[in-house]
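Engineer: Following this line is model.cif, made up of mmCIF, C-alpha atoms and all ligand atoms:
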data_structure
loop_
_atom_site.label_atom_id
_atom_site.label_comp_id
_atom_site.auth_asym_id
_atom_site.auth_seq_id
_atom_site.Cartn_x
_atom_site.Cartn_y
_atom_site.Cartn_z
CA MET A 1 -0.47 -22.67 -26.71
CA THR A 2 -1.75 -19.53 -28.37
CA MET A 3 -0.89 -15.98 -27.48
CA THR A 4 -3.66 -13.53 -26.69
CA THR A 5 -2.74 -10.02 -27.75
CA VAL A 6 -3.94 -7.41 -25.29
CA PRO A 7 -3.91 -3.90 -26.77
CA SER A 8 -2.92 -0.97 -24.57
CA GLY A 9 -5.85 0.29 -22.53
CA ASP A 10 -7.44 -3.14 -22.54
CA GLY A 11 -7.38 -5.91 -19.95
CA HIS A 12 -7.30 -9.63 -19.45
CA LEU A 13 -8.60 -12.03 -16.80
CA ALA A 14 -7.18 -15.55 -16.66
CA LEU A 15 -8.23 -18.37 -14.33
CA LEU A 16 -4.99 -20.25 -13.87
CA PRO A 17 -5.08 -23.80 -12.44
CA ALA A 18 -2.37 -24.79 -9.96
CA GLY A 19 0.81 -25.59 -11.87
CA ALA A 20 -0.11 -23.61 -14.98
CA THR A 21 2.24 -20.93 -16.27
CA LEU A 22 1.24 -17.55 -17.64
CA ARG A 23 3.70 -15.61 -19.76
CA ILE A 24 3.37 -11.86 -20.33
CA THR A 25 5.38 -10.62 -23.30
CA ASP A 26 6.29 -6.98 -23.80
CA LEU A 27 5.76 -7.17 -27.55
CA GLU A 28 7.14 -3.79 -28.56
CA GLY A 29 9.10 -2.87 -25.43
CA ASN A 30 8.76 -0.38 -22.56
CA GLN A 31 5.14 -1.29 -21.76
CA ALA A 32 3.82 -1.55 -18.18
CA ALA A 33 1.56 -4.55 -17.47
CA ASP A 34 -0.33 -3.83 -14.23
CA THR A 35 -1.19 -7.16 -12.62
CA LEU A 36 -3.21 -8.44 -9.64
CA LEU A 37 -3.63 -12.02 -8.39
CA TYR A 38 -6.45 -13.56 -6.37
CA ASP A 39 -6.92 -16.93 -4.71
CA ALA A 40 -9.80 -18.22 -6.86
CA ALA A 41 -11.35 -19.90 -3.80
CA ASP A 42 -11.18 -16.77 -1.61
CA LEU A 43 -10.96 -13.37 -3.34
CA ASP A 44 -9.93 -11.63 -0.10
CA ASN A 45 -6.83 -13.83 -0.02
CA ARG A 46 -5.31 -11.69 -2.73
CA TYR A 47 -1.87 -10.58 -3.84
CA SER A 48 -0.25 -8.38 -1.22
CA ALA A 49 2.60 -6.19 -2.42
CA VAL A 50 3.82 -5.22 1.05
CA ASP A 51 3.69 -8.77 2.43
CA THR A 52 5.55 -9.99 -0.68
CA VAL A 53 8.21 -7.29 -0.35
CA ARG A 54 8.70 -7.76 3.39
CA GLU A 55 8.81 -11.55 3.55
CA GLN A 56 11.54 -11.60 0.91
CA ALA A 57 13.17 -8.38 2.20
CA ALA A 58 13.31 -7.27 -1.43
CA ALA A 59 11.65 -4.23 -2.96
CA TYR A 60 11.75 -5.56 -6.55
CA LEU A 61 10.41 -8.75 -8.12
CA THR A 62 12.30 -11.16 -10.37
CA THR A 63 12.81 -14.89 -11.04
CA GLY A 64 12.28 -16.79 -7.79
CA SER A 65 10.07 -14.15 -6.17
CA ALA A 66 7.09 -15.75 -4.46
CA LEU A 67 3.96 -13.66 -4.97
CA LEU A 68 2.31 -13.81 -1.55
CA SER A 69 -1.25 -13.19 -0.47
CA THR A 70 -2.61 -11.28 2.50
CA ASP A 71 -2.71 -14.63 4.34
CA LEU A 72 0.96 -15.19 3.35
CA ASP A 73 0.11 -18.04 1.00
CA VAL A 74 2.15 -18.37 -2.19
CA LEU A 75 -0.26 -17.56 -5.02
CA ALA A 76 2.34 -17.88 -7.77
CA THR A 77 6.09 -17.79 -8.31
CA ILE A 78 8.00 -15.89 -10.97
CA THR A 79 9.64 -18.73 -12.87
CA ALA A 80 11.19 -16.81 -15.76
CA ASP A 81 12.16 -13.18 -16.27
CA THR A 82 14.25 -11.81 -19.12
CA VAL A 83 14.13 -8.24 -17.73
CA GLY A 84 15.69 -8.58 -14.27
CA ARG A 85 13.38 -6.63 -12.05
CA HIS A 86 9.82 -5.39 -11.81
CA ASP A 87 8.07 -2.86 -9.59
CA THR A 88 5.36 -3.58 -7.04
CA LEU A 89 5.34 -0.39 -4.92
CA GLY A 90 4.33 2.16 -7.56
CA GLY A 91 0.65 1.22 -7.77
CA ALA A 92 -1.63 1.46 -10.78
CA CYS A 93 -2.83 4.61 -12.50
CA SER A 94 -6.37 5.82 -11.95
CA GLN A 95 -8.26 8.80 -13.30
CA GLU A 96 -8.26 10.29 -9.81
CA SER A 97 -4.53 9.82 -9.19
CA ASN A 98 -3.83 11.18 -12.67
CA VAL A 99 -5.53 14.41 -11.58
CA ILE A 100 -3.23 14.55 -8.55
CA ARG A 101 -0.12 13.82 -10.59
CA TYR A 102 -0.78 15.67 -13.84
CA GLY A 103 -3.73 18.00 -13.32
CA LEU A 104 -7.47 18.17 -13.87
CA HIS A 105 -7.17 17.92 -17.67
CA THR A 106 -6.31 14.19 -17.27
CA ARG A 107 -9.53 13.33 -15.33
CA HIS A 108 -11.18 11.70 -18.32
CA GLN A 109 -8.17 9.95 -19.76
CA HIS A 110 -8.29 6.16 -19.65
CA ALA A 111 -6.53 4.55 -16.67
CA CYS A 112 -5.68 1.09 -15.29
CA ARG A 113 -8.23 1.24 -12.47
CA GLU A 114 -11.04 1.50 -15.05
CA THR A 115 -9.70 -1.61 -16.79
CA PHE A 116 -9.34 -3.55 -13.50
CA LEU A 117 -12.94 -2.74 -12.54
CA ARG A 118 -14.33 -3.73 -15.93
CA TRP A 119 -12.47 -7.03 -16.25
CA GLY A 120 -12.77 -7.94 -12.55
CA ALA A 121 -16.51 -7.36 -12.22
CA PRO A 122 -17.70 -10.66 -13.79
CA VAL A 123 -15.95 -12.68 -11.06
CA GLY A 124 -16.74 -10.35 -8.14
CA ILE A 125 -13.55 -8.26 -8.09
CA GLY A 126 -14.80 -4.75 -7.33
CA ALA A 127 -13.25 -1.57 -5.95
CA ARG A 128 -12.93 -3.09 -2.48
CA GLN A 129 -11.02 -6.06 -3.87
CA LEU A 130 -8.55 -3.91 -5.81
CA THR A 131 -5.22 -3.72 -4.04
CA HIS A 132 -1.61 -2.63 -4.56
CA ASN A 133 -0.49 -4.31 -7.79
CA ILE A 134 2.57 -5.50 -9.66
CA ASN A 135 3.90 -3.37 -12.51
CA PHE A 136 5.63 -5.83 -14.79
CA PHE A 137 8.26 -4.23 -17.05
CA MET A 138 8.28 -1.08 -14.91
CA ASN A 139 11.37 0.30 -13.22
CA VAL A 140 10.74 2.32 -10.05
CA PRO A 141 14.01 2.55 -8.12
CA LEU A 142 13.94 3.35 -4.40
CA THR A 143 16.98 5.11 -2.97
CA GLU A 144 18.80 4.81 0.35
CA ASP A 145 17.84 8.36 1.30
CA GLY A 146 14.15 7.56 0.92
CA GLY A 147 13.53 8.69 -2.65
CA LEU A 148 11.46 7.01 -5.35
CA THR A 149 11.74 7.71 -9.05
CA PHE A 150 10.28 6.50 -12.32
CA ALA A 151 13.25 5.46 -14.41
CA ASP A 152 13.47 4.38 -18.02
CA GLY A 153 12.15 0.88 -18.44
CA LEU A 154 14.64 -1.99 -18.45
CA SER A 155 12.42 -3.92 -20.84
CA GLY A 156 12.56 -4.14 -24.61
CA PRO A 157 10.71 -5.79 -27.51
CA GLY A 158 10.09 -9.50 -26.87
CA GLN A 159 11.09 -9.48 -23.21
CA TYR A 160 8.86 -11.60 -21.01
CA VAL A 161 8.05 -12.72 -17.51
CA GLU A 162 6.41 -15.99 -16.45
CA LEU A 163 4.28 -16.77 -13.38
CA THR A 164 3.57 -20.32 -12.27
CA ALA A 165 0.46 -20.69 -10.15
CA ALA A 166 0.83 -22.41 -6.77
CA ARG A 167 -2.95 -22.75 -6.41
CA GLU A 168 -5.91 -21.86 -8.58
CA VAL A 169 -5.67 -18.10 -9.11
CA TYR A 170 -7.26 -15.31 -11.06
CA VAL A 171 -4.70 -13.13 -12.82
CA LEU A 172 -6.15 -9.71 -13.63
CA ILE A 173 -4.10 -7.61 -16.04
CA SER A 174 -4.44 -4.03 -17.21
CA ASN A 175 -2.25 -3.10 -20.15
CA CYS A 176 -1.48 0.41 -18.96
CA PRO A 177 -2.85 3.29 -21.08
CA GLN A 178 -0.79 5.98 -19.28
CA LEU A 179 0.30 8.78 -21.64
CA ASN A 180 1.69 11.23 -19.09
CA ASN A 181 4.91 9.58 -17.96
CA PRO A 182 7.70 7.40 -19.39
CA CYS A 183 6.34 4.10 -17.94
CA ASN A 184 5.08 3.17 -21.41
CA GLY A 185 7.75 5.11 -23.29
CA TRP A 186 5.09 7.80 -23.95
CA ASN A 187 3.47 5.38 -26.40
CA PRO A 188 1.40 2.50 -24.94
CA THR A 189 1.71 -0.71 -27.01
CA PRO A 190 0.23 -4.25 -26.94
CA ILE A 191 1.33 -7.11 -24.70
CA GLY A 192 0.97 -10.83 -25.28
CA VAL A 193 -0.52 -13.27 -22.75
CA THR A 194 0.19 -16.99 -23.13
CA VAL A 195 -0.98 -19.77 -20.78
CA SER A 196 0.70 -23.17 -20.79
CA MET B 1 -7.46 27.90 22.73
CA THR B 2 -7.11 24.29 21.69
CA THR B 3 -9.08 21.82 23.70
CA THR B 4 -8.27 18.14 23.65
CA LYS B 5 -11.14 16.18 22.09
CA VAL B 6 -9.76 12.73 22.76
CA GLU B 7 -6.65 11.48 24.49
CA HIS B 8 -5.89 7.80 24.83
CA GLU B 9 -2.83 5.72 25.61
CA VAL B 10 -2.76 2.59 23.51
CA PRO B 11 -0.60 0.04 25.36
CA GLY B 12 2.18 -1.73 23.45
CA GLY B 13 0.90 -4.68 21.44
CA ALA B 14 -2.73 -3.52 21.42
CA ALA B 15 -5.15 -2.25 18.78
CA TRP B 16 -7.50 0.73 18.74
CA SER B 17 -9.62 2.76 16.36
CA LEU B 18 -11.34 6.12 16.38
CA ARG B 19 -13.39 8.32 14.11
CA VAL B 20 -12.16 11.88 13.60
CA ARG B 21 -13.72 14.97 12.02
CA PRO B 22 -11.91 16.94 9.32
CA GLY B 23 -9.63 19.70 10.53
CA ARG B 24 -8.32 17.90 13.60
CA GLU B 25 -4.74 17.28 14.59
CA VAL B 26 -4.07 13.69 15.58
CA ARG B 27 -0.80 13.51 17.44
CA PHE B 28 0.89 10.17 18.09
CA SER B 29 3.60 10.08 20.80
CA ALA B 30 5.84 7.13 21.63
CA LEU B 31 5.62 6.21 25.30
CA GLY B 32 8.90 4.28 25.14
CA PRO B 33 11.77 3.40 22.79
CA GLY B 34 11.12 1.12 19.84
CA ALA B 35 7.44 1.95 19.44
CA ASN B 36 5.59 1.02 16.26
CA CYS B 37 2.09 1.99 15.24
CA SER B 38 0.73 0.24 12.14
CA LEU B 39 -1.96 2.62 10.89
CA LEU B 40 -4.80 2.33 8.36
CA LEU B 41 -6.91 5.31 7.29
CA LEU B 42 -10.41 4.82 5.90
CA THR B 43 -13.37 7.07 5.25
CA PRO B 44 -16.82 6.10 6.52
CA ASP B 45 -17.87 5.43 2.91
CA GLY B 46 -14.98 3.05 2.25
CA ASP B 47 -12.21 5.10 0.67
CA ARG B 48 -8.80 3.97 1.91
CA LEU B 49 -5.24 5.18 2.35
CA ASN B 50 -3.35 4.09 -0.76
CA VAL B 51 0.36 3.92 0.07
CA PRO B 52 1.68 3.36 -3.49
CA ASP B 53 -0.29 6.33 -4.81
CA THR B 54 0.93 8.43 -1.87
CA LEU B 55 4.58 7.51 -2.45
CA LYS B 56 4.67 7.82 -6.24
CA ALA B 57 2.81 11.14 -6.34
CA GLN B 58 5.34 12.64 -3.94
CA MET B 59 8.41 10.73 -5.18
CA SER B 60 9.17 9.24 -1.78
CA ALA B 61 9.91 5.78 -0.39
CA ARG B 62 8.99 6.85 3.17
CA ILE B 63 6.36 8.89 4.97
CA THR B 64 7.66 12.19 6.30
CA PRO B 65 6.37 15.75 6.81
CA PRO B 66 4.86 17.58 4.97
CA MET B 67 3.56 14.76 2.73
CA VAL B 68 -0.15 14.29 2.10
CA LEU B 69 -1.59 10.79 2.64
CA MET B 70 -3.67 9.97 -0.44
CA SER B 71 -6.53 7.57 -1.03
CA ASP B 72 -7.74 5.03 -3.62
CA ARG B 73 -10.09 7.73 -4.93
CA GLY B 74 -7.44 10.41 -5.25
CA VAL B 75 -8.30 12.33 -2.09
CA GLY B 76 -5.80 13.79 0.39
CA LEU B 77 -7.04 12.09 3.56
CA ALA B 78 -4.55 13.64 5.97
CA SER B 79 -1.42 15.77 5.94
CA VAL B 80 1.68 14.85 7.91
CA THR B 81 2.14 18.21 9.61
CA GLY B 82 5.15 17.43 11.77
CA SER B 83 7.32 14.75 13.33
CA SER B 84 10.47 14.39 15.42
CA LEU B 85 11.43 11.56 13.01
CA ASP B 86 12.21 11.94 9.30
CA TRP B 87 11.17 8.41 8.29
CA HIS B 88 8.02 6.38 8.89
CA ASP B 89 7.95 3.05 7.04
CA ALA B 90 5.11 2.25 4.65
CA VAL B 91 6.46 -0.56 2.46
CA CYS B 92 6.71 -3.45 4.93
CA GLY B 93 3.08 -4.13 5.78
CA HIS B 94 2.27 -5.12 9.36
CA SER B 95 2.89 -8.16 11.54
CA THR B 96 0.74 -11.25 11.10
CA ASP B 97 0.19 -14.22 13.39
CA ARG B 98 3.18 -15.88 11.70
CA HIS B 99 5.48 -13.15 13.07
CA VAL B 100 4.34 -13.75 16.64
CA THR B 101 6.62 -16.72 17.14
CA GLU B 102 6.28 -17.17 20.89
CA ARG B 103 3.04 -18.97 21.57
CA SER B 104 0.74 -17.23 23.97
CA SER B 105 -2.86 -17.66 24.94
CA TYR B 106 -5.42 -15.79 26.94
CA GLN B 107 -5.87 -18.85 29.17
CA GLU B 108 -2.22 -18.79 30.17
CA HIS B 109 -1.14 -15.17 29.77
CA ARG B 110 -4.38 -13.22 30.23
CA ASN B 111 -4.06 -9.73 28.78
CA ASP B 112 -0.30 -10.04 28.31
CA ARG B 113 -0.89 -12.45 25.44
CA ARG B 114 0.73 -11.48 22.15
CA ILE B 115 -1.54 -10.31 19.36
CA SER B 116 -0.27 -9.61 15.85
CA ALA B 117 -1.01 -6.30 14.17
CA ARG B 118 -3.13 -8.21 11.63
CA ALA B 119 -5.32 -9.74 14.33
CA GLY B 120 -5.72 -6.41 16.10
CA LEU B 121 -6.41 -4.42 12.93
CA LEU B 122 -8.96 -6.96 11.70
CA SER B 123 -10.78 -6.89 15.02
CA GLU B 124 -11.03 -3.09 14.95
CA LEU B 125 -11.99 -3.06 11.25
CA ARG B 126 -14.74 -5.62 11.81
CA LYS B 127 -16.22 -3.65 14.70
CA ARG B 128 -16.81 -0.83 12.23
CA GLY B 129 -18.19 -2.92 9.38
CA PHE B 130 -14.94 -3.29 7.44
CA ASP B 131 -13.17 -6.60 6.86
CA ARG B 132 -10.23 -8.42 5.17
CA ALA B 133 -11.09 -6.77 1.85
CA ASP B 134 -10.10 -3.44 3.41
CA LEU B 135 -6.57 -4.51 4.40
CA HIS B 136 -4.34 -2.11 2.50
CA ALA B 137 -0.73 -1.21 3.19
CA THR B 138 -0.25 0.40 6.60
CA VAL B 139 1.98 3.29 7.52
CA ASN B 140 4.23 2.05 10.32
CA LEU B 141 4.64 5.16 12.42
CA PHE B 142 7.96 5.35 14.34
CA SER B 143 9.58 2.53 12.30
CA LYS B 144 12.19 2.54 9.55
CA ALA B 145 13.26 -0.17 7.12
CA ALA B 146 16.48 0.81 5.36
CA ILE B 147 16.64 0.27 1.58
CA ASP B 148 19.93 -0.40 -0.18
CA ASP B 149 20.80 0.05 -3.86
CA ALA B 150 19.71 -3.50 -4.69
CA GLY B 151 16.34 -2.95 -3.04
CA ARG B 152 17.13 -5.06 0.04
CA LEU B 153 15.15 -4.05 3.11
CA SER B 154 16.35 -4.22 6.71
CA HIS B 155 14.76 -3.06 9.96
CA VAL B 156 16.59 -0.19 11.69
CA PRO B 157 16.61 -0.81 15.45
CA LYS B 158 16.46 2.12 17.90
CA HIS B 159 14.97 4.40 15.23
CA CYS B 160 12.38 5.61 17.72
CA ALA B 161 13.08 6.93 21.24
CA ALA B 162 10.61 7.72 24.01
CA ASP B 163 8.68 10.95 23.25
CA ASP B 164 9.22 10.78 19.51
CA TRP B 165 6.05 12.02 17.84
CA VAL B 166 4.23 12.50 14.57
CA ALA B 167 1.18 14.66 13.86
CA LEU B 168 -1.47 14.32 11.16
CA ARG B 169 -4.07 16.85 10.10
CA THR B 170 -7.31 15.20 9.03
CA GLU B 171 -8.55 16.65 5.72
CA VAL B 172 -11.80 14.64 5.56
CA GLU B 173 -13.73 12.60 8.10
CA LEU B 174 -11.62 9.54 8.86
CA VAL B 175 -11.65 6.23 10.66
CA LEU B 176 -8.16 5.58 12.03
CA VAL B 177 -7.37 1.93 12.78
CA MET B 178 -4.09 1.14 14.49
CA SER B 179 -2.02 -1.56 16.15
CA THR B 180 0.98 -1.03 18.41
CA ALA B 181 2.37 -4.55 17.82
CA PRO B 182 6.06 -4.47 16.84
CA HIS B 183 7.14 -3.85 13.26
CA PRO B 184 7.05 -7.14 11.32
CA LEU B 185 10.84 -7.04 10.70
CA ASP B 186 11.62 -6.29 14.37
CA PRO B 187 12.82 -9.58 15.87
CA SER B 188 12.10 -8.54 19.46
CA TRP B 189 8.75 -8.29 21.21
CA LYS B 190 9.17 -5.14 23.30
CA PRO B 191 6.24 -3.06 22.10
CA ALA B 192 5.98 0.42 23.57
CA GLY B 193 2.69 2.21 24.04
CA VAL B 194 1.56 5.15 21.94
CA ARG B 195 -0.44 8.16 23.15
CA VAL B 196 -3.00 9.48 20.68
CA ALA B 197 -4.30 13.01 21.21
CA VAL B 198 -6.90 14.76 19.06
CA THR B 199 -7.16 18.57 19.06
CA ASP B 200 -8.19 21.30 16.62
CA ALA B 201 -5.56 21.51 13.89
CA PRO B 202 -3.74 24.80 13.33
CA PRO B 203 -3.77 26.10 9.73
CA ASP B 204 -1.27 24.22 7.58
CA GLU B 205 0.30 25.60 4.41
CA ALA B 206 3.45 23.45 4.28
CA SER B 207 1.67 20.38 2.89
CA ARG B 208 -0.26 22.42 0.31
CA LEU B 209 2.94 24.05 -0.89
CA PHE B 210 5.11 20.91 -0.69
CA ARG B 211 4.50 19.79 -4.27
CA PRO B 212 1.83 20.56 -6.88
CA GLU B 213 0.63 16.94 -6.38
CA SER B 214 0.18 17.50 -2.63
CA GLY B 215 -1.81 20.67 -3.30
CA ARG B 216 -4.05 18.93 -5.81
CA ALA B 217 -4.72 16.09 -3.34
CA LEU B 218 -5.84 18.70 -0.81
CA ASP B 219 -8.05 20.36 -3.44
CA ALA B 220 -9.67 16.95 -3.98
CA ALA B 221 -10.24 16.65 -0.21
CA ALA B 222 -11.99 20.03 -0.18
CA GLN B 223 -14.24 18.80 -2.99
CA ALA B 224 -14.81 15.25 -1.71
CA LEU B 225 -18.24 16.18 -0.39
CA ALA B 226 -20.01 18.94 -2.30
ZN ZN A 301 -1.69 2.40 -15.69
#
Step by step, read the file and then write its structure as structure tokens.
Ligand SMILES: [Zn+2]

Structural biologist:
Amino acid sequence: MTMTTVPSGDGHLALLPAGATLRITDLEGNQAADTLLYDAADLDNRYSAVDTVREQAAAYLTTGSALLSTDLDVLATITADTVGRHDTLGGACSQESNVIRYGLHTRHQHACRETFLRWGAPVGIGARQLTHNINFFMNVPLTEDGGLTFADGLSGPGQYVELTAAREVYVLISNCPQLNNPCNGWNPTPIGVTVS
Amino acid sequence: MTTTKVEHEVPGGAAWSLRVRPGREVRFSALGPGANCSLLLLTPDGDRLNVPDTLKAQMSARITPPMVLMSDRGVGLASVTGSSLDWHDAVCGHSTDRHVTERSSYQEHRNDRRISARAGLLSELRKRGFDRADLHATVNLFSKAAIDDAGRLSHVPKHCAADDWVALRTEVELVLVMSTAPHPLDPSWKPAGVRVAVTDAPPDEASRLFRPESGRALDAAAQALA
């Protein structure tokens, strides 16, 4: 079992057979790993953040969370997590949403959506197939009064999360290149991907 | 003088869609207590309401005036110009066939049969050339799911009363796809109808001035078609 190092701003696509486990390691700490899952036999039966959140009545993901699809099938389960909680309601960065959030000068900075499109294309995952993702190692607390904030990451060097596939799935990862907020500690760093 | 372009009462538990020009007000009114309207926004060329981008850009876990509803492509699709309610859920998705626990069929129940939001939304999407690939997170107008410190979600009953309302201003041409099936965390099946009325929108500065992010999303809407 060898670890693939994915530099920041790069991506990874893994075809995971049922029962296989994929570990994402935050090698240097405080690095967001934006992740999507797809039923390999039916790309439209893809990870659904809102269905996952609602069916478990839980806004954050951790060990035991079932990652559900739009058809409410379990695509994978989080089987290990040294961090404690991960975001799935904050979405991925894109060049266009960077303009909204930070201004026009960020339009040509690299963003997760570019990485998703590049790494998804060979298996037919295009813009229409992109959906609301998981942000592993990211901390986005929701508050009782309806607020949402980006807090300091709970992760650190060597922390990891593991997904075990419940059916054959594609796991599409963007190692987030965001420079404009603390989600990567202002300094995007590599992650490790290991399949066993 | 504002003339009504379209007015339609969507019965409880039904689905509907309509195409709306930019610069219109679309006003949704609850025809009874406990209404829910699971709403998708799309553009004719396939841009879609993106709830996570909308929430994070405006630091909110709910939809409330004067937020701007933002798209996959970074465009402000519509502004929430007013509402009698301060919270519209957007993190719980919409009901699926699995949430419609009581079996019903057309053969037995005719048009009183129970249809999930998913089934209704898909039917309306498909009529207009969209499909499962376009199922994004919905805004659930008139519904609230409370969030506690641990991130646990629970449906708030009686959040919506008869005559509660919410108004959107369309910023670009939109396809609105909606279902009035109950919220997926609502254990009862007592769907109320929703009236949808489209008129000319009055000028709106509140959304533009709400946050710099909201203003920039509206700038992108103005430049979406050069
Ligand atoms: Zn990113």

Engineer: Please provide the set of residues having any atom within 10 Å of stretch 30-35 of chain A, restricted to only C-alpha atoms, with same-chain residues fewer than 3 positions apart removed, written as an NGL selection string.

Structural biologist: :A and (6 or 8 or 11-13 or 24-27 or 47 or 86-88 or 91-93 or 112-113 or 115-116 or 132-139 or 152-157 or 159 or 171-178 or 182-191)

Engineer: Please, which residues of chain B lie no more than 6 Å from chain A when the count uses only C-alpha atoms, and can they be set out as a list in words?

Structural biologist: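 Matching residues, ligands excluded from the count: Pro52, Asp53, Lys56, Ala57, Met59, Ser60, Ala61, Arg62, Arg73, Gly74, Val91, Cys92, Gly93, Ala133, Ile147, Asp148, Gly151, Arg152, Leu153, Glu213, Arg216 and Ala217 of chain B.
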
Engineer: Set the distance at 10 Å and use all atoms listed in the file: which residues neighbour A:Gly126 once local chain neighbours fewer than 5 positions away are removed? I'd like the list as a list of chain:residue names.

Structural biologist: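 Within the cut-off, the hits are A:Phe116, A:Leu117, A:Arg118, A:Trp119, A:Gly120, A:Ala121.
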
Engineer: Would you compute the distance between atom CA of B:Val6 and atom CA of B:Val198? Give it in Å to one decimal.

Structural biologist: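 Distance between the two atoms: 5.1 Å.
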
Engineer: To one decimal place, how far is atom CA of B:Arg24 from atom CA of B:Thr3 in Å?

Structural biologist: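 Value for the atom CA of B:Arg24-atom CA of B:Thr3 distance: 10.9 Å.
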
Engineer: Could you give me stretch 14-20 of chain B completed to all heavy atoms, formatted as a PDB file, keeping the file's coordinate frame?

Structural biologist:
ATOM      1  N   ALA B  14      -1.261  -3.564  21.420  1.00  0.00           N
ATOM      2  CA  ALA B  14      -2.730  -3.520  21.420  1.00  0.00           C
ATOM      3  C   ALA B  14      -3.235  -2.869  20.129  1.00  0.00           C
ATOM      4  O   ALA B  14      -2.460  -2.383  19.312  1.00  0.00           O
ATOM      5  CB  ALA B  14      -3.218  -2.735  22.637  1.00  0.00           C
ATOM      6  N   ALA B  15      -4.545  -2.873  19.959  1.00  0.00           N
ATOM      7  CA  ALA B  15      -5.150  -2.250  18.780  1.00  0.00           C
ATOM      8  C   ALA B  15      -6.252  -1.304  19.226  1.00  0.00           C
ATOM      9  O   ALA B  15      -6.887  -1.496  20.273  1.00  0.00           O
ATOM     10  CB  ALA B  15      -5.715  -3.320  17.840  1.00  0.00           C
ATOM     11  N   TRP B  16      -6.495  -0.276  18.399  1.00  0.00           N
ATOM     12  CA  TRP B  16      -7.500   0.730  18.740  1.00  0.00           C
ATOM     13  C   TRP B  16      -7.992   1.382  17.458  1.00  0.00           C
ATOM     14  O   TRP B  16      -7.320   1.314  16.409  1.00  0.00           O
ATOM     15  CB  TRP B  16      -6.876   1.792  19.658  1.00  0.00           C
ATOM     16  CG  TRP B  16      -7.860   2.706  20.328  1.00  0.00           C
ATOM     17  CD1 TRP B  16      -8.956   2.331  21.048  1.00  0.00           C
ATOM     18  CD2 TRP B  16      -7.822   4.137  20.346  1.00  0.00           C
ATOM     19  NE1 TRP B  16      -9.604   3.452  21.523  1.00  0.00           N
ATOM     20  CE2 TRP B  16      -8.943   4.565  21.106  1.00  0.00           C
ATOM     21  CE3 TRP B  16      -6.973   5.095  19.807  1.00  0.00           C
ATOM     22  CZ2 TRP B  16      -9.217   5.912  21.327  1.00  0.00           C
ATOM     23  CZ3 TRP B  16      -7.240   6.435  20.033  1.00  0.00           C
ATOM     24  CH2 TRP B  16      -8.356   6.839  20.789  1.00  0.00           C
ATOM     25  N   SER B  17      -9.147   1.999  17.509  1.00  0.00           N
ATOM     26  CA  SER B  17      -9.620   2.760  16.360  1.00  0.00           C
ATOM     27  C   SER B  17     -10.430   3.938  16.852  1.00  0.00           C
ATOM     28  O   SER B  17     -10.958   3.925  17.975  1.00  0.00           O
ATOM     29  CB  SER B  17     -10.464   1.867  15.428  1.00  0.00           C
ATOM     30  OG  SER B  17     -11.620   1.403  16.083  1.00  0.00           O
ATOM     31  N   LEU B  18     -10.510   4.963  16.035  1.00  0.00           N
ATOM     32  CA  LEU B  18     -11.340   6.120  16.380  1.00  0.00           C
ATOM     33  C   LEU B  18     -11.758   6.830  15.109  1.00  0.00           C
ATOM     34  O   LEU B  18     -11.139   6.689  14.053  1.00  0.00           O
ATOM     35  CB  LEU B  18     -10.633   7.081  17.339  1.00  0.00           C
ATOM     36  CG  LEU B  18      -9.572   8.045  16.786  1.00  0.00           C
ATOM     37  CD1 LEU B  18      -9.283   9.128  17.808  1.00  0.00           C
ATOM     38  CD2 LEU B  18      -8.305   7.296  16.460  1.00  0.00           C
ATOM     39  N   ARG B  19     -12.855   7.570  15.233  1.00  0.00           N
ATOM     40  CA  ARG B  19     -13.390   8.320  14.110  1.00  0.00           C
ATOM     41  C   ARG B  19     -13.138   9.798  14.379  1.00  0.00           C
ATOM     42  O   ARG B  19     -13.388  10.278  15.487  1.00  0.00           O
ATOM     43  CB  ARG B  19     -14.884   8.022  14.000  1.00  0.00           C
ATOM     44  CG  ARG B  19     -15.539   8.523  12.738  1.00  0.00           C
ATOM     45  CD  ARG B  19     -16.880   7.835  12.557  1.00  0.00           C
ATOM     46  NE  ARG B  19     -17.695   8.518  11.564  1.00  0.00           N
ATOM     47  CZ  ARG B  19     -18.921   8.127  11.221  1.00  0.00           C
ATOM     48  NH1 ARG B  19     -19.474   7.077  11.821  1.00  0.00           N
ATOM     49  NH2 ARG B  19     -19.590   8.782  10.309  1.00  0.00           N
ATOM     50  N   VAL B  20     -12.635  10.506  13.390  1.00  0.00           N
ATOM     51  CA  VAL B  20     -12.160  11.880  13.600  1.00  0.00           C
ATOM     52  C   VAL B  20     -12.745  12.789  12.525  1.00  0.00           C
ATOM     53  O   VAL B  20     -12.766  12.447  11.343  1.00  0.00           O
ATOM     54  CB  VAL B  20     -10.610  11.931  13.548  1.00  0.00           C
ATOM     55  CG1 VAL B  20     -10.121  13.347  13.835  1.00  0.00           C
ATOM     56  CG2 VAL B  20     -10.009  10.963  14.546  1.00  0.00           C
TER      57      VAL B  20
END
